[in-house]
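Q: Below you'll find the structure I mean.
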Amino acid sequence: MHKIRLPQLTLDLPEIATEESRAFFENITRDLEHYCKRAGKNSGAYRERRDKLLHVGLAGNDITALFDGPAYIRPLVDLWTNEPAFLMATPPDTRIINALEQVIKRTPNKRVGRLALREIFQLFFQHFDQMGEGLEAYCKFAKGQIKRFPPDQLMFGMDKLLLNANKIISPEGHRWLVRETGKTGRTLPASADRLGIPTTQSRFYDASQNIYYLERIKGLTANEDDKILDEVRTAKVHRAPYQDNLMIGHPIIETLIDKLSRAGFEPSDLWLKTILAIAGDPRVPFSHQNFRQWWSKFGNHRIALMRSWLSKMDMELFLDIVKEFSERKGGEDMRRMFPKRKKFLEGLFKNKLVQDAQLFLGVQPEEYLKSRFTKDEQPPHFIRLSGSNSNKLTVFYFRMGDVHLIEGTHSFALTIADKLPDECPAGKYEKTYAYSRPLGIGLQENYEDQFGRSDNFARIIHNGNWPRKAYKQLKRLGIEINPSDIMEREDYVRMIRS
């Protein structure tokens, strides 16, 4: 029997448990696992046995004829684990498992070694759903081996597995894990860790995750507040493999959007932030990683819905910034103006007229926006403003069919137009920054240069009767809305009496 020599480990143990000491022990554990994976695999004899098995198995011949002792067990498990073509050509069927059992019975302890046992279970968790008809036999084999060890002889958390091995090591083990997690109220990762089930490089865990999270998400009603939404926002969950090169976040996002769509609801703050945390904002260039990785898979209808929902968030953020400015630095005129702007914008959104929107932020508004979201939350996409006097400026663009509106803070006028000139950056998703002038004073100049003078373009200064002018321009461009929805009572009464 070969003696295994492990490299000497020199441990300088910390005296007090701290984050630093925890990291120290995690590193030591990883090193030990690395040594164990390599132990016994560097010898020429091991490689020779592995090569023989690989050659015979890929040729479709009987590998059991090679089994002249237990030294073939680890090379065989290694091939099943790390060579997909070998696993497909020579899966662990009943005949091969029976041959392995006969070899093991001839060993002194009538069981595999501890390193072999660990690798047997690693194979199960990594490829449990790729073993074909041999899965039942392999499960019986693995459970039989672990039960021949006292708990104090099991390493790497396998003692946790021992108690529930019959339920876990099964073709339905991943479903049992989901049911067990539901009973205990733990998170799925915590439940798996407690039971000794690996959560990385584990198709078993991935399958459990697909059932657990998707079933929970499918069971929600539109805008229901549930802790499962906090779990799926973590990258470890929503980036887990699903199928067809998708991640589990893809069907989660589709389910959330479709539930809202069928119910005719706009997303609550929690649901909107959950979608943003997973897939980000779709109002980015098509070449952007988030768009390619996520939104390109969801179809135009879901993208349009999300853009519409985000436009309302943009409007609320814009109004917050206007209010903040008017209360702190805007003076009495600005404070009186705020309710009118709020009524106007909220009325348009309440009537579900807005399909799309964009925020353009100077440096100070950008800082304010980011302060509204935690480090774990994804703020909506915005475009940075540059140019003279743009540091404090916020511009809000939104579209209602073929009608375009541009609002802004400070002395920015309200623009309502039937189309936008080419120089205007609004509505263009390939932009990451924009100059402020083509959104403001330069917008009318560019419009007239490209399209000529037209009553379809209106630049409205926020003076006393601006809501009436805005309503008339919207009506001119075909937007039907009750004027009382977008005007305060005094403005509405004044208009109908004039």
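We name chains A, B, ... following the order of the structure tokens; residues begin at 1 in each chain, and ligands are numbered from 1 as shown.
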Excluding Asp230 (chain A) and its own-chain neighbours fewer than 5 positions away, which residues fall within 12 Å of it when counting only C-alpha atoms? Please give them as a count of residues only.
A: 17
Q: Just the residues within 10 Å of Leu353 (chain A), please, counting only C-alpha atoms, with nothing from its chain fewer than 6 positions along; format it as a list in words.
A: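 Close residues of Leu353 (chain A): Ser308, Gly347, Arg399, Met400, Gly401, Ile479, Glu480 and Ile481 of chain A.
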Q: From the options A:Tyr429, A:Gln126, A:Lys392, A:Gly464, which residue's atoms come nearest to Phe286 (chain A), counting only C-alpha atoms?
A: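 Closest residue, counting only C-alpha atoms: A:Tyr429.
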Q: Find the spatial neighbours of Phe298 (chain A), counting only C-alpha atoms, within a cut-off of 12 Å - ignore same-chain residues fewer than 4 positions away - and output them as a short mmCIF file (atom, residue, chain, number, x, y, z; two decimals) with C-alpha atoms, in the first residue's frame.
A:
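Saved file around-v7.cif follows:
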data_model
loop_
_atom_site.label_atom_id
_atom_site.label_comp_id
_atom_site.auth_asym_id
_atom_site.auth_seq_id
_atom_site.Cartn_x
_atom_site.Cartn_y
_atom_site.Cartn_z
CA LEU A 246 -29.35 31.18 -19.13
CA GLY A 249 -32.36 35.31 -12.89
CA HIS A 250 -33.77 35.16 -16.44
CA PRO A 251 -36.95 33.18 -15.64
CA ILE A 252 -37.27 35.11 -12.35
CA ILE A 253 -37.35 38.46 -14.20
CA GLU A 254 -39.76 37.12 -16.82
CA THR A 255 -42.08 35.82 -14.10
CA LEU A 256 -42.09 39.09 -12.15
CA ILE A 257 -42.75 41.23 -15.23
CA ASP A 258 -45.44 38.90 -16.58
CA ALA A 279 -30.95 42.82 -14.68
CA PRO A 282 -32.74 48.39 -20.06
CA PHE A 291 -28.45 44.61 -22.12
CA ARG A 292 -26.67 41.79 -23.93
CA GLN A 293 -26.68 39.50 -20.90
CA TRP A 294 -30.20 40.19 -19.67
CA ARG A 302 -41.09 43.28 -21.46
CA ILE A 303 -38.45 45.92 -22.29
CA ALA A 304 -41.18 48.45 -23.16
CA LEU A 305 -43.02 47.71 -19.90
CA MET A 306 -39.87 48.13 -17.83
#
Q: In region 313-376 of chain A, what's strand (DSSP E) per DSSP? Answer as a VMD selection string?
A: chain A and resid 356 to 361
Q: Go ahead and save the residues from that selection, with C-alpha atoms, as a tab-separated table (two decimals), in the first residue's frame.
A:
chain	number	residue	atom	x	y	z
A	356	ASP	CA	-40.31	56.25	-21.92
A	357	ALA	CA	-38.10	58.67	-19.98
A	358	GLN	CA	-34.51	59.67	-19.27
A	359	LEU	CA	-32.76	61.58	-16.53
A	360	PHE	CA	-29.84	63.91	-17.27
A	361	LEU	CA	-27.90	64.82	-14.15
Q: For the atom pair CA of Gln201 (chain A) and CA of Arg50 (chain A), what is the interatomic distance in Å to one decimal place?
A: 22.4 Å
Q: From a backbone DSSP assignment, name each residue in region 58-196 of chain A labelled alpha helix (DSSP H), as a PDB file with C-alpha atoms, in the first residue's frame.
A:
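Output contents, as saved in out19.pdb:
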ATOM      1  CA  LEU A  58     -14.263   5.917 -24.986  1.00  0.00           C
ATOM      2  CA  ILE A  73     -11.587   3.293  -8.072  1.00  0.00           C
ATOM      3  CA  ARG A  74     -10.221   6.847  -7.817  1.00  0.00           C
ATOM      4  CA  PRO A  75      -9.064   7.036 -11.461  1.00  0.00           C
ATOM      5  CA  LEU A  76     -12.531   5.872 -12.544  1.00  0.00           C
ATOM      6  CA  VAL A  77     -14.360   8.412 -10.364  1.00  0.00           C
ATOM      7  CA  ASP A  78     -11.923  11.076 -11.568  1.00  0.00           C
ATOM      8  CA  LEU A  79     -12.824  10.331 -15.195  1.00  0.00           C
ATOM      9  CA  TRP A  80     -16.560  10.351 -14.513  1.00  0.00           C
ATOM     10  CA  THR A  81     -16.172  13.707 -12.778  1.00  0.00           C
ATOM     11  CA  ASN A  82     -13.846  15.516 -15.142  1.00  0.00           C
ATOM     12  CA  PRO A  84     -17.790  14.544 -19.936  1.00  0.00           C
ATOM     13  CA  ALA A  85     -17.210  12.334 -22.992  1.00  0.00           C
ATOM     14  CA  PHE A  86     -16.199   9.433 -20.754  1.00  0.00           C
ATOM     15  CA  LEU A  87     -19.239   9.903 -18.505  1.00  0.00           C
ATOM     16  CA  MET A  88     -21.499   9.867 -21.555  1.00  0.00           C
ATOM     17  CA  ALA A  89     -19.811   6.823 -23.147  1.00  0.00           C
ATOM     18  CA  THR A  94     -25.540  -1.292 -12.470  1.00  0.00           C
ATOM     19  CA  ARG A  95     -23.004  -3.638 -14.078  1.00  0.00           C
ATOM     20  CA  ILE A  96     -20.046  -1.325 -13.409  1.00  0.00           C
ATOM     21  CA  ILE A  97     -21.221  -0.543  -9.858  1.00  0.00           C
ATOM     22  CA  ASN A  98     -21.557  -4.269  -9.082  1.00  0.00           C
ATOM     23  CA  ALA A  99     -18.021  -4.834 -10.344  1.00  0.00           C
ATOM     24  CA  LEU A 100     -16.746  -2.020  -8.108  1.00  0.00           C
ATOM     25  CA  GLU A 101     -18.534  -3.523  -5.110  1.00  0.00           C
ATOM     26  CA  GLN A 102     -16.818  -6.851  -5.702  1.00  0.00           C
ATOM     27  CA  VAL A 103     -13.405  -5.135  -5.767  1.00  0.00           C
ATOM     28  CA  ILE A 104     -14.160  -3.199  -2.582  1.00  0.00           C
ATOM     29  CA  LYS A 105     -15.228  -6.358  -0.716  1.00  0.00           C
ATOM     30  CA  ARG A 114     -11.753   8.501   2.780  1.00  0.00           C
ATOM     31  CA  LEU A 115     -10.408  10.456  -0.174  1.00  0.00           C
ATOM     32  CA  ALA A 116     -12.176   8.115  -2.591  1.00  0.00           C
ATOM     33  CA  LEU A 117     -15.388   8.483  -0.574  1.00  0.00           C
ATOM     34  CA  ARG A 118     -15.208  12.258  -0.797  1.00  0.00           C
ATOM     35  CA  GLU A 119     -14.686  12.068  -4.575  1.00  0.00           C
ATOM     36  CA  ILE A 120     -17.593   9.628  -4.945  1.00  0.00           C
ATOM     37  CA  PHE A 121     -19.880  12.194  -3.360  1.00  0.00           C
ATOM     38  CA  GLN A 122     -18.387  15.076  -5.302  1.00  0.00           C
ATOM     39  CA  LEU A 123     -19.243  13.166  -8.475  1.00  0.00           C
ATOM     40  CA  PHE A 124     -22.844  12.750  -7.322  1.00  0.00           C
ATOM     41  CA  PHE A 125     -23.337  16.436  -6.548  1.00  0.00           C
ATOM     42  CA  GLN A 126     -21.584  17.629  -9.701  1.00  0.00           C
ATOM     43  CA  HIS A 127     -23.267  15.252 -12.167  1.00  0.00           C
ATOM     44  CA  LEU A 135     -28.202   6.968 -11.120  1.00  0.00           C
ATOM     45  CA  GLU A 136     -30.234   4.646  -8.858  1.00  0.00           C
ATOM     46  CA  ALA A 137     -27.393   2.137  -8.644  1.00  0.00           C
ATOM     47  CA  TYR A 138     -24.840   4.876  -8.025  1.00  0.00           C
ATOM     48  CA  CYS A 139     -26.938   6.381  -5.207  1.00  0.00           C
ATOM     49  CA  LYS A 140     -27.230   2.987  -3.529  1.00  0.00           C
ATOM     50  CA  PHE A 141     -23.474   2.481  -3.898  1.00  0.00           C
ATOM     51  CA  ALA A 142     -22.578   5.909  -2.432  1.00  0.00           C
ATOM     52  CA  LYS A 143     -24.965   5.550   0.520  1.00  0.00           C
ATOM     53  CA  GLY A 144     -23.643   2.073   1.243  1.00  0.00           C
ATOM     54  CA  GLN A 145     -20.082   3.367   1.379  1.00  0.00           C
ATOM     55  CA  ILE A 146     -20.680   6.364   3.672  1.00  0.00           C
ATOM     56  CA  MET A 158     -19.424  14.557   5.140  1.00  0.00           C
ATOM     57  CA  ASP A 159     -20.444  13.854   8.731  1.00  0.00           C
ATOM     58  CA  LYS A 160     -23.317  16.322   8.097  1.00  0.00           C
ATOM     59  CA  LEU A 161     -24.385  14.253   5.103  1.00  0.00           C
ATOM     60  CA  LEU A 162     -24.444  10.972   6.988  1.00  0.00           C
ATOM     61  CA  LEU A 163     -27.636  11.656   8.987  1.00  0.00           C
ATOM     62  CA  ALA A 165     -27.881  10.425   3.276  1.00  0.00           C
ATOM     63  CA  ASN A 166     -30.910   8.290   2.365  1.00  0.00           C
ATOM     64  CA  LYS A 167     -32.945  11.374   1.492  1.00  0.00           C
ATOM     65  CA  ILE A 168     -30.189  13.469  -0.117  1.00  0.00           C
ATOM     66  CA  GLY A 173     -32.729  14.463  -3.348  1.00  0.00           C
ATOM     67  CA  HIS A 174     -32.783  17.983  -4.764  1.00  0.00           C
ATOM     68  CA  ARG A 175     -36.554  18.104  -4.313  1.00  0.00           C
ATOM     69  CA  TRP A 176     -36.232  16.853  -0.751  1.00  0.00           C
ATOM     70  CA  LEU A 177     -33.787  19.699  -0.033  1.00  0.00           C
ATOM     71  CA  VAL A 178     -36.383  22.212  -1.295  1.00  0.00           C
ATOM     72  CA  ARG A 179     -39.119  20.734   0.918  1.00  0.00           C
ATOM     73  CA  GLU A 180     -36.806  20.593   3.942  1.00  0.00           C
ATOM     74  CA  THR A 181     -35.805  24.226   3.446  1.00  0.00           C
ATOM     75  CA  GLY A 182     -39.457  25.251   3.286  1.00  0.00           C
ATOM     76  CA  LYS A 183     -40.150  23.506   6.608  1.00  0.00           C
ATOM     77  CA  THR A 184     -37.247  25.071   8.495  1.00  0.00           C
ATOM     78  CA  LEU A 188     -31.533  27.589   0.701  1.00  0.00           C
ATOM     79  CA  PRO A 189     -27.746  28.185   1.010  1.00  0.00           C
ATOM     80  CA  ALA A 190     -27.955  27.926   4.818  1.00  0.00           C
ATOM     81  CA  SER A 191     -29.990  24.742   4.576  1.00  0.00           C
ATOM     82  CA  ALA A 192     -27.529  23.179   2.104  1.00  0.00           C
ATOM     83  CA  ASP A 193     -24.536  24.111   4.257  1.00  0.00           C
ATOM     84  CA  ARG A 194     -26.151  22.628   7.346  1.00  0.00           C
TER      85      ARG A 194
END
Q: What gap, in Å, lies between CA of Lys343 (chain A) and CA of Val493 (chain A)?
A: 15.1 Å
Q: Taking only C-alpha atoms into account, which of A:Lys218, A:Arg372, A:Arg106, A:Arg203 comes nearest Pro241 (chain A)?
A: A:Arg203
Q: I'd like the interatomic distance between CA of Lys350 (chain A) and CA of Ser411 (chain A), to a tenth of an Å.
A: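 Computing the Euclidean distance for CA of Lys350 (chain A) and CA of Ser411 (chain A) yields 25.9 Å.
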Q: A:His381, A:His410, A:Arg239, A:Lys227: which is nearest Met337 (chain A), counting only C-alpha atoms?
A: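 Residue with the minimum atom-to-atom distance to Met337 (chain A): A:His410.
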Q: Let me make sure I understand: among A:Lys352, A:Arg283, A:Arg49, A:Arg262, which one has the smallest atom-to-atom distance to Ala426 (chain A) if we use only C-alpha atoms?
A: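 With only C-alpha atoms as the atom set, the closest residue is A:Arg283.
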Q: Of the residues A:Ser390, A:Ser202, A:Asn446, A:Ser261, which is the one nearest to Thr221 (chain A), using only C-alpha atoms?
A: A:Ser261
